[in-house]
Each structure stands twice: as C-alpha cells, then as structure tokens.
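First the structure, in the form of structure tokens, and then the observations on it.
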Amino acid sequence: MAGKQPLNIVKMKKMKQDGVPISMLTAYDYPSARLAEEADIDMILVGDSLGNVVLGYDSTIPVTLDDMVYHTRSVARGAEHTFIVADMPFMTYHGSVDESLKGVRRLMQEGHAHAVKLEGGAEIADTVRRIVQAGVPVLGHIGLTPQSVNQIGGYRVQGKDQADADRLIRDAKALEEAGAFAVVLELVTEESAAEITQALSIPTIGIGAGRYCDGQVLVYHDILKYASPYREKRFVKTYADIGTAVREGIAQYVKEVKERAFPAEEHIFTTAQKTAAAGPVYGSGKEKVSDS
C-alpha cells in the first residue's frame with residue numbers, strides 16, 4: 001500500500017459533500033491494522049472496545065490510557081498509510097483541560113494517532129474546543145456512549161422519541177461548533193441519524209444508526225466473527241467466520257501433535273542442510289514505527 005494517500009479531515013468533508021461514503025473499522029494490533037489497510041479501509045479506529053474484544057473485560061470502563069497508547073502504537077506500525085483515530089478512555093477528559101491535553105499528547109506522540117475520539121455531546125464541547133485549538137483533530141461520539149453505559153441504563157437505542165432526538169441534534173451541533181471533524185452516531189434510530197446528518201456540515205459515521213449516515217464503522221471482531229462465544233448483533237453483518245476457522249485450525253494442530261504427524265520432514269533442520277542466507281527467520285527485519 002505504499003502508493004496509498006492517507007485520508008485527512010479536509011478530504012472527509014469533501015466526501016460528505018460529494019456523497020462518497022466513508023468506511024471505518026476498528027483495529028487493535030499490527031496484523032489487524034495491516035490487513036485493514038490492505039483492504040483499502042478509509043479510517044481505522046483504535047477503539048476502547050478493545051476492553052471487550054481483546055482484553056476480556058465486560059465493558060470499556062477498565063481500559064487505561066496506557067492500554068490505548070500501546071495498542072495505538074501497534075496499529076500505527078501496521079497501517080502507515082491510513083488515518084488513525086484513538087479513543088480517549090474513561091475519565092481521561094472530564095477533569096482539567098491540562099490533564100485532558102496530557103492524555104491527548106500521549107496518544108499522538110507515543111501512540112502515533114492522527115486524531116482522538118471523545119464520547120459525549122454539549123457537556124464536553126469546551127474540552128473538544130481546547131483540544132482542537134491545540135492542533136489535534138477530534139472525532140465526536142454521541143448516541144449510545146459505552147463509557148456512560150451505567151448512567152444511561154444499559155445498551156439502549158437512542159433517539160426513539162422527539163425529546164431524545166432533539167437532544168442528539170443539539171449535542172451534534174455543539175460538537176460541530178467546537179471544531180470536531182466528524183461525529184460517530186452509535187445505536188441511534190435511522191430517522192434521528194438522518195436528521196443529524198442533514199443538519200451538520202461535517203460527516204456522520206454510523207454504527208447501528210441506519211443507512212443515511214455519511215459513513216459506517218464496525219468492530220473488526222464483529223464483521224469477522226472473531227470471538228468465542230460470538231453474540232449476534234442486529235446492526236452487524238458478518239463478512240467472514242474466522243473464529244470457526246481459527247478453532248478448527250488449532251484443533252487440527254493439536255491432533256497432529258498428539259499423533260506425531262507434525263512436525264514432518266519438511267519442517268525440520270538437519271546438520272546436512274545448508275543454512276539459507278536470505279532474510280530473517282522471524283519478522284521482516286524492518287522497524288515500522290519507533291517506540292520513542
């Protein structure tokens with residue numbers, strides 16, 4: 001993908017104007033990011049959903065800033081030519097602006113993100129404004145906000161009545177006015193998402209928000225059914241079942257080890273063989289992104 005030009009926030013706004021949908025996918029490590037880039041994804045989100053799908057937590061709340069920096073840096077190594085957004089984790093942007101900016105700095109400098117994502121609407125608009133003024137692109141996130149799941153009473157669809165739909169529009173406009181380059185709409189009724197999309201000059205990225213957003217984002221592990229057990233979700237379409245393939249592949253490996261069928265002759269080294277001089281046995285021999 002050396003010739004790929006990364007998306008930027010100016011191009012994203014033009015995509016909205018031209019009616020070109022934006023594709024976004026989560027990724028949490030080097031191989032998933034590299035595969036997403038090779039598939040020509042527009043944007044990668046290093047979501048705090050890694051708490052659920054990678055770290056084994058029941059929610060996103062235990063995810064730390066250290067976790068996000070670590071995984072964002074891994075993704076940056078794998079997707080050098082893709083626009084990368086990193087989530088600000090729970091309670092890292094609700095205190096002082098200085099503390100919020102310290103977290104942003106770490107995600108940008110240590111994690112090599114191109115932008116950060118914050119959950120919330122009008123109540124965080126001032127923080128969004130200060131981060132944008134510091135030169136950092138901000139992706140907003142309203143509707144179902146997983147970090148607030150205990151406050152909103154569970155994973156519920158948002159915008160189901162007019163009062164709630166009006167609240168979402170106010171939040172979206174507040175984020176736009178604060179300088180956000182786009183807004184994620186999660187688990188929002190299609191009617192409400194369409195109204196928000198029409199009301200904003202910046203793109204909307206839907207997840208469980210219907211057909212009329214300017215783009216879509218889904219979780220890597222959902223579209224590939226890469227989980228055990230896997231929970232079906234109404235708003236997700238499965239494009240491949242790699243969970244079953246992984247399980248069956250490992251089971252076959254176990255079987256062959258038990259039967260002494262692996263390793264076979266083609267997998268071994270002997271003193272009679274000449275050592276190959278071309279390339280390392282492990283890895284590519286190239287450091288993608290410095291840890292410093």
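Following the order of the structure tokens, first chain is A, next is B, and so on, with residues numbered from 1 inside each chain and ligands from 1 in the order they appear.
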Legend entry - Nearby residues (only C-alpha atoms) at most 6 Å from range 80-91 of chain A, same-chain spacing under 4 positions excluded, as a list in words: Pro6, Leu7, Met43, Ile44, Leu45, Val46, Gly47, Asp48, Ile61, Ala76, Ala113, His114, Ala115, Val116, Lys117, Leu118 and Gln147 of chain A
Inset, instruction - Among the residues of range 76-108 of chain A, find those DSSP assigns to alpha helix (DSSP H) from the backbone and print them as number ranges by chain. - result: A: 76-78, 97-108
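For the atom pair formed by CA of Leu224 in chain A and CA of Lys237 in chain A, the distance is 8.9 Å, given to one decimal.
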DSSP says strand (DSSP E or B) for which residues of range 73-274 of chain A? Put them as a PDB file with N, CA and C atoms, in the first residue's frame?
```pdb
ATOM      1  N   PHE A  83      -5.472   6.860   7.972  1.00  0.00           N
ATOM      2  CA  PHE A  83      -5.807   7.816   9.026  1.00  0.00           C
ATOM      3  C   PHE A  83      -6.266   7.047  10.260  1.00  0.00           C
ATOM      4  N   ILE A  84      -5.608   7.279  11.402  1.00  0.00           N
ATOM      5  CA  ILE A  84      -5.851   6.506  12.616  1.00  0.00           C
ATOM      6  C   ILE A  84      -6.411   7.411  13.712  1.00  0.00           C
ATOM      7  N   VAL A  85      -7.550   7.007  14.261  1.00  0.00           N
ATOM      8  CA  VAL A  85      -8.185   7.712  15.371  1.00  0.00           C
ATOM      9  C   VAL A  85      -8.086   6.835  16.615  1.00  0.00           C
ATOM     10  N   ALA A  86      -7.706   7.424  17.739  1.00  0.00           N
ATOM     11  CA  ALA A  86      -7.596   6.683  19.001  1.00  0.00           C
ATOM     12  C   ALA A  86      -8.606   7.205  20.003  1.00  0.00           C
ATOM     13  N   ASP A  87      -9.261   6.300  20.712  1.00  0.00           N
ATOM     14  CA  ASP A  87     -10.202   6.674  21.754  1.00  0.00           C
ATOM     15  C   ASP A  87      -9.485   7.226  22.978  1.00  0.00           C
ATOM     16  N   ALA A 115      -5.678  11.477  15.197  1.00  0.00           N
ATOM     17  CA  ALA A 115      -6.822  12.166  15.804  1.00  0.00           C
ATOM     18  C   ALA A 115      -7.249  11.391  17.035  1.00  0.00           C
ATOM     19  N   VAL A 116      -8.093  12.021  17.855  1.00  0.00           N
ATOM     20  CA  VAL A 116      -8.629  11.349  19.038  1.00  0.00           C
ATOM     21  C   VAL A 116     -10.152  11.393  18.988  1.00  0.00           C
ATOM     22  N   LYS A 117     -10.781  10.443  19.674  1.00  0.00           N
ATOM     23  CA  LYS A 117     -12.239  10.396  19.767  1.00  0.00           C
ATOM     24  C   LYS A 117     -12.667  10.532  21.216  1.00  0.00           C
ATOM     25  N   LEU A 118     -13.699  11.367  21.435  1.00  0.00           N
ATOM     26  CA  LEU A 118     -14.245  11.596  22.768  1.00  0.00           C
ATOM     27  C   LEU A 118     -15.734  11.304  22.743  1.00  0.00           C
ATOM     28  N   GLU A 119     -16.231  10.644  23.787  1.00  0.00           N
ATOM     29  CA  GLU A 119     -17.657  10.378  23.914  1.00  0.00           C
ATOM     30  C   GLU A 119     -18.341  11.519  24.657  1.00  0.00           C
ATOM     31  N   GLY A 120     -19.500  11.931  24.143  1.00  0.00           N
ATOM     32  CA  GLY A 120     -20.267  12.959  24.816  1.00  0.00           C
ATOM     33  C   GLY A 120     -20.675  14.066  23.863  1.00  0.00           C
ATOM     34  N   VAL A 138     -10.450  16.136  16.318  1.00  0.00           N
ATOM     35  CA  VAL A 138     -11.295  15.421  17.270  1.00  0.00           C
ATOM     36  C   VAL A 138     -12.503  14.825  16.563  1.00  0.00           C
ATOM     37  N   LEU A 139     -12.729  13.542  16.798  1.00  0.00           N
ATOM     38  CA  LEU A 139     -13.928  12.846  16.331  1.00  0.00           C
ATOM     39  C   LEU A 139     -14.887  12.759  17.508  1.00  0.00           C
ATOM     40  N   GLY A 140     -16.101  13.284  17.339  1.00  0.00           N
ATOM     41  CA  GLY A 140     -17.100  13.198  18.391  1.00  0.00           C
ATOM     42  C   GLY A 140     -17.793  11.848  18.391  1.00  0.00           C
ATOM     43  N   HIS A 141     -18.573  11.587  19.442  1.00  0.00           N
ATOM     44  CA  HIS A 141     -19.272  10.302  19.573  1.00  0.00           C
ATOM     45  C   HIS A 141     -20.481  10.517  20.471  1.00  0.00           C
ATOM     46  N   ILE A 142     -21.685  10.396  19.869  1.00  0.00           N
ATOM     47  CA  ILE A 142     -22.918  10.560  20.637  1.00  0.00           C
ATOM     48  C   ILE A 142     -23.852   9.381  20.369  1.00  0.00           C
ATOM     49  N   GLY A 143     -25.007   9.409  21.018  1.00  0.00           N
ATOM     50  CA  GLY A 143     -25.928   8.271  20.956  1.00  0.00           C
ATOM     51  C   GLY A 143     -25.635   7.364  22.127  1.00  0.00           C
ATOM     52  N   GLN A 158     -30.881   5.024  21.039  1.00  0.00           N
ATOM     53  CA  GLN A 158     -31.107   6.421  21.370  1.00  0.00           C
ATOM     54  C   GLN A 158     -31.921   7.123  20.277  1.00  0.00           C
ATOM     55  N   ALA A 182     -15.852  15.228  12.612  1.00  0.00           N
ATOM     56  CA  ALA A 182     -16.911  14.272  12.296  1.00  0.00           C
ATOM     57  C   ALA A 182     -17.509  13.797  13.609  1.00  0.00           C
ATOM     58  N   VAL A 183     -18.651  13.112  13.513  1.00  0.00           N
ATOM     59  CA  VAL A 183     -19.330  12.617  14.714  1.00  0.00           C
ATOM     60  C   VAL A 183     -19.785  11.184  14.485  1.00  0.00           C
ATOM     61  N   VAL A 184     -19.430  10.293  15.416  1.00  0.00           N
ATOM     62  CA  VAL A 184     -19.945   8.931  15.409  1.00  0.00           C
ATOM     63  C   VAL A 184     -21.333   8.932  16.047  1.00  0.00           C
ATOM     64  N   LEU A 185     -22.284   8.262  15.388  1.00  0.00           N
ATOM     65  CA  LEU A 185     -23.631   8.074  15.924  1.00  0.00           C
ATOM     66  C   LEU A 185     -23.807   6.595  16.206  1.00  0.00           C
ATOM     67  N   GLU A 186     -23.887   6.223  17.482  1.00  0.00           N
ATOM     68  CA  GLU A 186     -23.972   4.799  17.842  1.00  0.00           C
ATOM     69  C   GLU A 186     -25.351   4.447  18.388  1.00  0.00           C
ATOM     70  N   VAL A 188     -28.434   4.685  17.201  1.00  0.00           N
ATOM     71  CA  VAL A 188     -29.379   5.793  17.071  1.00  0.00           C
ATOM     72  C   VAL A 188     -30.414   5.391  16.019  1.00  0.00           C
ATOM     73  N   THR A 204     -21.078  12.322   9.417  1.00  0.00           N
ATOM     74  CA  THR A 204     -21.530  11.434  10.490  1.00  0.00           C
ATOM     75  C   THR A 204     -21.086  10.019  10.143  1.00  0.00           C
ATOM     76  N   ILE A 205     -20.627   9.285  11.142  1.00  0.00           N
ATOM     77  CA  ILE A 205     -20.189   7.899  10.972  1.00  0.00           C
ATOM     78  C   ILE A 205     -21.089   7.035  11.834  1.00  0.00           C
ATOM     79  N   GLY A 206     -21.871   6.165  11.210  1.00  0.00           N
ATOM     80  CA  GLY A 206     -22.854   5.396  11.943  1.00  0.00           C
ATOM     81  C   GLY A 206     -22.370   4.021  12.368  1.00  0.00           C
ATOM     82  N   ILE A 207     -22.859   3.604  13.524  1.00  0.00           N
ATOM     83  CA  ILE A 207     -22.722   2.208  13.952  1.00  0.00           C
ATOM     84  C   ILE A 207     -24.050   1.848  14.610  1.00  0.00           C
ATOM     85  N   GLY A 215     -20.955   7.743   6.659  1.00  0.00           N
ATOM     86  CA  GLY A 215     -20.012   6.632   6.688  1.00  0.00           C
ATOM     87  C   GLY A 215     -20.474   5.609   7.701  1.00  0.00           C
ATOM     88  N   GLN A 216     -19.739   4.506   7.773  1.00  0.00           N
ATOM     89  CA  GLN A 216     -20.076   3.430   8.701  1.00  0.00           C
ATOM     90  C   GLN A 216     -18.807   2.953   9.394  1.00  0.00           C
ATOM     91  N   VAL A 217     -18.958   2.546  10.656  1.00  0.00           N
ATOM     92  CA  VAL A 217     -17.857   1.927  11.393  1.00  0.00           C
ATOM     93  C   VAL A 217     -18.389   0.679  12.081  1.00  0.00           C
ATOM     94  N   LEU A 218     -17.599  -0.375  12.058  1.00  0.00           N
ATOM     95  CA  LEU A 218     -17.920  -1.598  12.785  1.00  0.00           C
ATOM     96  C   LEU A 218     -16.663  -2.109  13.472  1.00  0.00           C
TER      97      LEU A 218
END
```
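Across the model, the gap from CA of Tyr220 in chain A to CA of Asp241 in chain A is 11.6 Å.
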Legend entry - Near-Gly210 in chain A list (9 Å; only C-alpha atoms; drop same-chain fewer than 4 positions) as an NGL selection string: :A and (187-191 or 193-194 or 206 or 235)
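The smallest atom-to-atom distance between Ile223 in chain A and any of A:Gly19, A:Leu101, A:Lys14, A:Thr26, using only C-alpha atoms, is found for A:Thr26.
Between CA of Asp42 in chain A and CA of Leu65 in chain A lies a distance of 24.7 Å.
Nearest-residue note for Arg211 in chain A: choosing from A:Pro21, A:Thr270, A:Tyr93, A:Arg231, the minimum distance belongs to A:Pro21, counting only C-alpha atoms.
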